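> Provided herewith is a single structure, encoded as structure tokens, for subsequent inquiry.
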Amino acid sequence: MDQNLRVLFERALGDEPLPPPGDLAQEAMAGGRRRRRRRHLLAGGVAGVVTVLATVVAVNLATAPPSIPTAMSLAIGPGCSQPVEVVDEIAVFLRHDVTDRQLADLDESLRSDPRVRQVRFQTREAAYEKFKEMYRDAPDLIAAVKPRQIPESFRVTLAQPEQSPPMEEELRRRPGVEAVVRTACEGRPGAGEGE
Amino acid sequence: MTEGPIARWSRARQRQRAAQDEEFTEFVAATAHGLRRTAFLLCGDWHLAQDLTQTALTRMYASWGRVRRSDNLNAYSRRVLMNALFDQRKRRSSGEVVVAELPESAVRPPQPAAEVHVTLMRALATLSLRDQAIVVLRYWEDQSVETVAEILDVSASVVKTRSARALTRLRALLGEEFVGT
């Protein structure tokens, strides 16, 4: 009886089409990563790899809300002289009053953008920790900056760096974005390599 | 400098991730085909079956660090698939259109063998989704009563009684087709 049922099942599957083109495992992994990050983002937890830039802007923030040109020059200047690992990414600093919705929209559109190779979210906390570490010999500065003054940011790595300028323009116009800074500078030789 | 330990840590993590990704890729290669067929038997639509398979695998990868240690990955994947299917039914019944139909489905010519399997699929469709799942998992996938119970989160005795009833029903609907051929 079960055997008959098996035969019927096999027939029902008789017109099975070929699976669609594309690597199912790769797609599932890409989707799974998005899902995982979104989960972390919603939980407000993910630190990612901490880079140096938000802290530089934070110096600026310590006194007044940052003007975009100042933020940019500060971010690019000292950023390049620091032994940072990342040499070419776009830092998308978020406004302090960015809404959850705007944040989620940005996250979603960055992650689904084919020009984007990698997106990381840098939390306020992670940026503040990095800032404290960087300026540990300037206790006055640390004392002057409150964690809430540090902006959150997305760290975007592009598949092709030449696509950066139009991408930056687009991102600048998005609601909730304070400033967009490209950190294209030469990494110090061996920077970030522990061996 | 400060990058030393961080870089080491991130490299160790990268290696670990690469190993897990490889493991997941192997898992997909071994599972996807069967998962899609089971999904098809439960929804009767190959494109939806493909979507459900992809959804299930995506969800599994999102928790792969935990999921990979599961005793019975095969059963786990069926459980995730069933959840995806239940979610899909729920969304559909709440009026939202979610089935993404690929354009080529429209031009796929009808298969000659169509009538034969429509019979079984129609008969199956008269059962509740849970009973369909019980039949497919038990009699197509040859899963044990205990495993089916675990996948569907019901007791073993429910699986036994429901599958017996479902078979009686199918036999009545399918008539000689069931006994013959």
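Chain lettering (A, B, ...) mirrors the order of the structure tokens, residue numbering begins at 1 for each chain separately, and ligand numbering begins at 1 in order of display.
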Counting only C-alpha atoms, which residues from chain A have an atom at most 6 Å from any atom of chain B, and could you show them as a PyMOL selection string?

chain A and resi 6+11-12+25+28-29+31-33+36+192+194

> To test your reading of the structure, identify every residue in segment 83-153 of chain A that backbone DSSP assigns to strand (DSSP E or B), and report it as a list in words.

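Answer for segment 83-153 of chain A, restricted to strand (DSSP E or B): Ile90, Ala91, Val92, Phe93, Leu94, Val116, Arg117, Gln118, Val119, Arg120, Phe121, Gln122 and Ser153 of chain A.
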
> Take the residues just selected and output them with C-alpha atoms as a JSON list (two decimals), in the first residue's frame.


[["chain", "number", "residue", "atom", "x", "y", "z"],
["A", 90, "ILE", "CA", 32.25, 55.11, 2.63],
["A", 91, "ALA", "CA", 31.29, 56.14, 6.11],
["A", 92, "VAL", "CA", 27.66, 57.16, 6.34],
["A", 93, "PHE", "CA", 27.21, 59.10, 9.56],
["A", 94, "LEU", "CA", 23.69, 59.21, 10.85],
["A", 116, "VAL", "CA", 27.84, 47.27, -2.33],
["A", 117, "ARG", "CA", 30.20, 44.52, -1.34],
["A", 118, "GLN", "CA", 29.99, 44.84, 2.40],
["A", 119, "VAL", "CA", 28.08, 46.86, 4.95],
["A", 120, "ARG", "CA", 28.84, 47.18, 8.60],
["A", 121, "PHE", "CA", 26.98, 49.11, 11.19],
["A", 122, "GLN", "CA", 28.99, 50.91, 13.80],
["A", 153, "SER", "CA", 27.42, 55.03, 11.08]]

> Need the shell around Lys160 of chain B: protein/DNA/RNA residues with any atom at most 12 Å away, counting only C-alpha atoms. Skip same-chain ones fewer than 5 positions apart. Format as a VMD selection string?

chain B and resid 131 134 to 135 138 144 to 149 154 to 155 165 to 167

> Take the selection from the previous step and output its residues with C-alpha atoms, as a short mmCIF file (atom, residue, chain, number, x, y, z; two decimals), in the first residue's frame.


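out_33.cif, written as the output of this step:
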data_model
loop_
_atom_site.label_atom_id
_atom_site.label_comp_id
_atom_site.auth_asym_id
_atom_site.auth_seq_id
_atom_site.Cartn_x
_atom_site.Cartn_y
_atom_site.Cartn_z
CA ASP B 131 -2.15 16.02 7.63
CA ILE B 134 2.25 13.88 7.94
CA VAL B 135 1.52 11.84 4.81
CA ARG B 138 5.87 9.52 6.54
CA SER B 144 9.86 7.71 11.44
CA VAL B 145 6.73 8.49 13.43
CA GLU B 146 8.90 10.09 16.11
CA THR B 147 10.72 12.30 13.65
CA VAL B 148 7.49 13.43 12.01
CA ALA B 149 6.12 14.21 15.46
CA VAL B 154 2.85 17.12 17.79
CA SER B 155 2.79 13.86 19.75
CA ARG B 165 -7.10 8.54 8.78
CA ALA B 166 -5.36 10.38 5.99
CA LEU B 167 -4.55 7.09 4.24
#
